[in-house]
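Reproduced below: model_30.cif, with mmCIF, C-alpha atoms.
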```cif
data_input
#
loop_
_atom_site.label_atom_id
_atom_site.label_comp_id
_atom_site.auth_asym_id
_atom_site.auth_seq_id
_atom_site.Cartn_x
_atom_site.Cartn_y
_atom_site.Cartn_z
CA MET A 1 8.19 -5.68 21.12
CA GLU A 2 7.78 -9.05 19.42
CA ASN A 3 8.79 -7.63 16.02
CA ILE A 4 12.25 -6.50 17.13
CA ASP A 5 15.26 -8.49 15.96
CA ILE A 6 18.38 -6.51 16.87
CA GLY A 7 20.70 -9.00 15.20
CA LYS A 8 18.95 -8.76 11.83
CA LYS A 9 19.11 -4.97 12.04
CA VAL A 10 22.83 -5.04 12.82
CA GLU A 11 23.34 -7.34 9.83
CA LYS A 12 21.18 -5.14 7.57
CA TYR A 13 23.08 -1.96 8.50
CA ARG A 14 26.44 -3.76 8.19
CA LYS A 15 25.63 -5.00 4.68
CA ALA A 16 24.29 -1.56 3.67
CA LYS A 17 27.70 -0.13 4.61
CA GLY A 18 29.42 -2.83 2.56
CA LEU A 19 31.25 -4.25 5.56
CA SER A 20 32.07 -7.88 6.22
CA SER A 21 31.31 -9.18 9.69
CA ARG A 22 35.06 -9.33 10.41
CA GLU A 23 35.49 -5.69 9.35
CA LEU A 24 32.63 -4.50 11.55
CA ALA A 25 33.84 -6.56 14.51
CA LYS A 26 37.31 -5.02 14.18
CA LEU A 27 35.93 -1.46 13.88
CA ALA A 28 33.60 -1.98 16.86
CA GLU A 29 36.34 -3.73 18.85
CA ILE A 30 34.31 -6.86 19.53
CA THR A 31 35.14 -10.41 18.56
CA PRO A 32 33.89 -11.74 15.22
CA SER A 33 32.22 -14.63 17.06
CA MET A 34 30.32 -12.20 19.34
CA LEU A 35 29.11 -10.23 16.29
CA SER A 36 28.08 -13.46 14.59
CA GLN A 37 26.11 -14.53 17.68
CA ILE A 38 24.41 -11.10 17.84
CA GLU A 39 23.45 -11.19 14.16
CA ARG A 40 22.07 -14.73 14.47
CA GLY A 41 20.05 -13.83 17.58
CA LEU A 42 22.06 -16.16 19.82
CA ALA A 43 23.40 -13.34 22.00
CA ASN A 44 21.95 -10.05 23.18
CA PRO A 45 24.36 -7.12 23.00
CA SER A 46 24.79 -4.85 26.00
CA ILE A 47 23.67 -1.24 25.69
CA GLN A 48 27.34 -0.23 25.46
CA THR A 49 27.91 -2.66 22.58
CA LEU A 50 24.79 -1.34 20.84
CA LYS A 51 26.07 2.22 21.21
CA ILE A 52 29.44 1.24 19.73
CA LEU A 53 27.80 -0.65 16.84
CA ALA A 54 25.49 2.31 16.18
CA LYS A 55 28.38 4.77 16.13
CA THR A 56 30.45 2.49 13.89
CA LEU A 57 27.53 1.99 11.48
CA ASN A 58 26.54 5.67 11.69
CA VAL A 59 22.92 4.96 12.74
CA PRO A 60 21.04 6.12 15.85
CA THR A 61 21.19 3.63 18.72
CA PHE A 62 17.38 3.58 19.00
CA SER A 63 17.12 2.34 15.40
CA PHE A 64 18.05 -1.14 16.67
CA LEU A 65 15.04 -1.07 19.03
CA LEU A 66 12.28 -0.04 16.62
CA GLU A 67 9.67 -2.65 15.76
CA GLU A 68 9.67 -3.87 12.20
CA THR A 69 6.59 -3.04 10.19
CA ILE A 70 4.93 -6.13 8.80
CA THR A 71 3.79 -4.70 5.48
CA GLU A 72 1.22 -7.45 4.93
CA ASP A 73 -0.65 -6.09 7.98
CA LEU A 74 -1.06 -2.75 6.18
CA ILE A 75 -3.29 -4.24 3.45
CA VAL A 76 -7.07 -4.35 3.92
CA ARG A 77 -8.88 -6.52 1.37
CA SER A 78 -12.38 -5.31 0.50
CA SER A 79 -13.86 -8.63 1.61
CA LYS A 80 -12.05 -8.46 4.97
CA ARG A 81 -12.95 -4.93 6.10
CA LYS A 82 -14.03 -4.48 9.70
CA LYS A 83 -17.67 -3.41 9.71
CA MET A 84 -19.57 -1.56 12.40
CA ILE A 85 -23.14 -0.39 12.73
CA ILE A 86 -23.70 2.57 15.02
CA ASP A 87 -27.30 3.73 15.27
CA ASN A 88 -28.55 3.75 11.65
CA LEU A 89 -25.15 4.20 10.03
CA SER A 90 -22.83 1.49 8.79
CA TYR A 91 -19.08 1.93 8.69
CA GLU A 92 -16.42 -0.04 6.87
CA LEU A 93 -12.93 0.54 8.17
CA LEU A 94 -10.44 1.05 5.35
CA SER A 95 -7.50 1.34 7.75
CA PRO A 96 -6.21 -1.94 9.17
CA ASN A 97 -7.17 -0.89 12.73
CA PHE A 98 -7.46 2.08 15.08
CA THR A 99 -3.78 2.26 15.99
CA GLY A 100 -1.66 5.13 14.80
CA ASN A 101 -2.77 8.68 14.14
CA LEU A 102 -5.27 8.23 11.33
CA ALA A 103 -8.29 6.09 10.51
CA THR A 104 -10.21 6.05 7.24
CA ALA A 105 -13.67 4.59 6.78
CA ILE A 106 -16.66 4.52 4.48
CA MET A 107 -19.89 5.63 6.11
CA LYS A 108 -23.17 4.58 4.51
CA VAL A 109 -26.12 6.80 5.37
CA PRO A 110 -29.48 5.32 4.32
CA SER A 111 -32.16 7.66 3.04
CA ASN A 112 -34.18 9.49 5.71
CA THR A 113 -31.48 8.92 8.33
CA SER A 114 -29.41 11.15 10.58
CA SER A 115 -26.11 10.43 12.32
CA SER A 116 -27.67 11.54 15.62
CA GLU A 117 -30.44 13.62 17.11
CA ASN A 118 -28.03 16.27 18.36
CA LEU A 119 -24.85 17.79 17.04
CA LEU A 120 -21.85 15.81 18.26
CA GLU A 121 -18.22 16.74 18.69
CA HIS A 122 -15.01 14.78 19.10
CA ARG A 123 -11.39 15.60 19.65
CA GLY A 124 -10.39 14.35 16.21
CA GLU A 125 -10.08 16.38 13.04
CA GLU A 126 -12.03 14.94 10.13
CA VAL A 127 -12.09 15.22 6.34
CA ALA A 128 -15.04 13.73 4.46
CA PHE A 129 -15.63 13.17 0.74
CA ILE A 130 -19.07 12.38 -0.64
CA LEU A 131 -18.78 9.33 -2.91
CA GLU A 132 -22.48 8.82 -3.71
CA GLY A 133 -25.74 10.64 -3.19
CA LYS A 134 -26.16 13.88 -1.33
CA ILE A 135 -26.20 14.69 2.34
CA LYS A 136 -26.66 17.62 4.70
CA VAL A 137 -23.88 18.35 7.09
CA TYR A 138 -24.47 20.58 10.09
CA LEU A 139 -21.37 22.47 11.23
CA GLY A 140 -22.10 24.40 14.39
CA GLU A 141 -25.09 26.64 13.59
CA GLU A 142 -24.74 26.27 9.80
CA GLU A 143 -26.22 23.69 7.42
CA TYR A 144 -24.65 22.69 4.08
CA LEU A 145 -25.78 20.45 1.25
CA LEU A 146 -22.99 18.26 -0.09
CA GLU A 147 -23.24 16.21 -3.27
CA ALA A 148 -21.05 13.50 -4.80
CA GLY A 149 -17.59 14.93 -5.35
CA ASP A 150 -17.87 17.54 -2.56
CA SER A 151 -15.76 17.39 0.58
CA VAL A 152 -15.64 19.02 3.99
CA LYS A 153 -13.05 19.46 6.71
CA ILE A 154 -14.40 19.30 10.24
CA PRO A 155 -12.00 20.74 12.83
CA ALA A 156 -11.58 19.06 16.21
CA ASN A 157 -14.37 19.79 18.70
CA LEU A 158 -16.68 21.42 16.12
CA LYS A 159 -20.23 20.22 16.76
CA HIS A 160 -21.60 18.50 13.68
CA LYS A 161 -23.94 15.86 12.33
CA TRP A 162 -24.88 14.20 9.05
CA GLU A 163 -28.42 14.01 7.74
CA ASN A 164 -29.76 12.25 4.67
CA ASN A 165 -33.38 13.30 4.16
CA PHE A 166 -33.24 12.45 0.47
CA SER A 167 -34.63 9.42 -1.37
CA GLU A 168 -31.25 7.86 -2.20
CA ASN A 169 -28.56 6.48 0.09
CA ALA A 170 -25.39 8.50 0.67
CA VAL A 171 -21.88 7.09 0.89
CA VAL A 172 -19.17 9.16 2.57
CA LEU A 173 -15.45 8.45 2.66
CA PHE A 174 -13.81 10.04 5.67
CA SER A 175 -10.56 10.16 7.58
CA VAL A 176 -10.22 11.18 11.19
CA THR A 177 -7.17 11.94 13.28
CA PRO A 178 -6.68 10.71 15.91
CA PRO A 179 -8.86 7.69 15.15
CA VAL A 180 -11.99 8.11 17.26
CA PHE A 181 -15.55 6.89 16.77
#
```
Now that the file is in, can you turn its structure into structure tokens?
Amino acid sequence: MENIDIGKKVEKYRKAKGLSSRELAKLAEITPSMLSQIERGLANPSIQTLKILAKTLNVPTFSFLLEETITEDLIVRSSKRKKMIIDNLSYELLSPNFTGNLATAIMKVPSNTSSSENLLEHRGEEVAFILEGKIKVYLGEEEYLLEAGDSVKIPANLKHKWENNFSENAVVLFSVTPPVF
């Protein structure tokens, strides 16, 4: 809730409609000084005032209450990736974090390594793309060899595992929704 500034949103929508603050105040039947205080964050509008402003500006009332996205937080520099090691596998998170509906990571599978002893399942759906090397993927009872450039979709709750019993390391780019590890 810290990224919500109702006043700035009112001002943004007002300017997008090409209205002066006096014009909007008159249309919304509030005083120009009240509108000015709202836009500068010096006063908090009542729900009724928000509804009137929303109707006058032709925007949904809830649009004033949505958090602003800080776009800088969406960038992940290669030198700042979050890194995890689980068993023998290393992961680099390409997504900023595990919030939202999707996470993307790079999984590095050293030679003669497996993601686990047993087939595992998770509630998330996964798509993986082999960037380097080759790797075996076990999907249920079936086994497939994937090489660089190949990809696989793993539906939610399908038991699977990765195995690299080759002499070179494998690098896999994958996305999972919802983000689970």
_Selection result for the PyMOL selection byres ((chain A and resi 148-161) around 9) on this file, as a ChimeraX atom specification_ = /A:114-141,146-147,162-163,170-172,177
*Exercise: Leu19 of chain A partners within 12 Å, only C-alpha atoms, chain neighbours under 5 positions left out, as a ChimeraX atom specification*: /A:10-14,24-28,56-57
Filtering to C-alpha atoms, could you give me those residues as a PDB file, in the frame of the given file?
```
ATOM      1  CA  VAL A  10      22.830  -5.040  12.820  1.00  0.00           C
ATOM      2  CA  GLU A  11      23.340  -7.340   9.830  1.00  0.00           C
ATOM      3  CA  LYS A  12      21.180  -5.140   7.570  1.00  0.00           C
ATOM      4  CA  TYR A  13      23.080  -1.960   8.500  1.00  0.00           C
ATOM      5  CA  ARG A  14      26.440  -3.760   8.190  1.00  0.00           C
ATOM      6  CA  LEU A  24      32.630  -4.500  11.550  1.00  0.00           C
ATOM      7  CA  ALA A  25      33.840  -6.560  14.510  1.00  0.00           C
ATOM      8  CA  LYS A  26      37.310  -5.020  14.180  1.00  0.00           C
ATOM      9  CA  LEU A  27      35.930  -1.460  13.880  1.00  0.00           C
ATOM     10  CA  ALA A  28      33.600  -1.980  16.860  1.00  0.00           C
ATOM     11  CA  THR A  56      30.450   2.490  13.890  1.00  0.00           C
ATOM     12  CA  LEU A  57      27.530   1.990  11.480  1.00  0.00           C
TER      13      LEU A  57
END
```
*Which polymer residues, protein or nucleic acid, are no farther than 8 Å from (-6.6, -0.5, 3.5), counting only C-alpha atoms, as a list in words?*
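Within 8 Å of (-6.6, -0.5, 3.5), the protein and nucleic acid residues are Leu74, Ile75, Val76, Arg77, Leu93, Leu94, Ser95 and Pro96 of chain A.
Once the PyMOL selection byres ((chain A and resi 36) around 12) is applied to this file, the selection holds Gly7, Lys8, Val10, Glu11, Arg14, Ser20, Ser21, Arg22, Glu23, Leu24, Ala25, Ile30, Thr31, Pro32, Ser33, Met34, Leu35, Gln37, Ile38, Glu39, Arg40, Gly41, Leu42, Ala43, Asn44 and Pro45 of chain A.
Selection result for the displayed file, with the PyMOL selection byres ((chain A and resi 105) around 7) as criterion, is Tyr91, Glu92, Leu93, Leu94, Ala103, Thr104, Ile106, Met107, Leu173, Phe174 and Ser175 of chain A.
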*Distance in Å - atom CA of Leu89 of chain A versus atom CA of Glu72 of chain A*: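 Calculated distance between atom CA of Leu89 of chain A and atom CA of Glu72 of chain A is 29.3 Å.
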_From A:Thr61, A:Asn101, A:Ser78, A:Ser111, residue lying nearest Ser46 of chain A [all atoms listed in the file]_ =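 Closest to Ser46 of chain A of all the choices is A:Thr61.
Nearest-residue note for Asn164 of chain A: choosing from A:Leu65, A:Leu145, A:Ala16, A:Ile4, the minimum distance belongs to A:Leu145, counting all atoms listed in the file.
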*Work out how far apart atom CA of Met84 of chain A and atom CA of Asn165 of chain A are and give it in Å to one decimal.*
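These two atoms are separated by 21.9 Å.
Residue neighbourhood of Asn58 of chain A, excluding near-sequence residues (fewer than 5 positions): Tyr13, Lys17, Ile52 and Leu53 of chain A, at 10 Å, using all atoms listed in the file.
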Output for the residues just chosen: C-alpha atoms as a tab-separated table (two decimals), keeping the file's coordinate frame:
```
chain	number	residue	atom	x	y	z
A	13	TYR	CA	23.08	-1.96	8.50
A	17	LYS	CA	27.70	-0.13	4.61
A	52	ILE	CA	29.44	1.24	19.73
A	53	LEU	CA	27.80	-0.65	16.84
```
*Choose the residue, out of A:Ile47, A:Val109, A:Val176, A:Ile6, that has the smallest atom-to-atom separation from Asp87 of chain A; count all atoms listed in the file.*
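When distances to Asp87 of chain A are compared using all atoms listed in the file, the smallest one comes from A:Val109.
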*Quick one, how far is atom CA of Asn169 of chain A from atom CA of Tyr144 of chain A?*
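Rounded to one decimal, the two atoms are 17.1 Å apart.
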_From A:Glu168, A:Glu142, A:Asp73, A:Glu29, residue lying nearest Leu50 of chain A [only C-alpha atoms]_ = A:Glu29
_Counting only C-alpha atoms, the residue of A:Thr99, A:Ser79, A:Ser90, A:Thr69 that sits nearest Thr113 of chain A_ =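 Among A:Thr99, A:Ser79, A:Ser90, A:Thr69, it is A:Ser90 that comes nearest to Thr113 of chain A.
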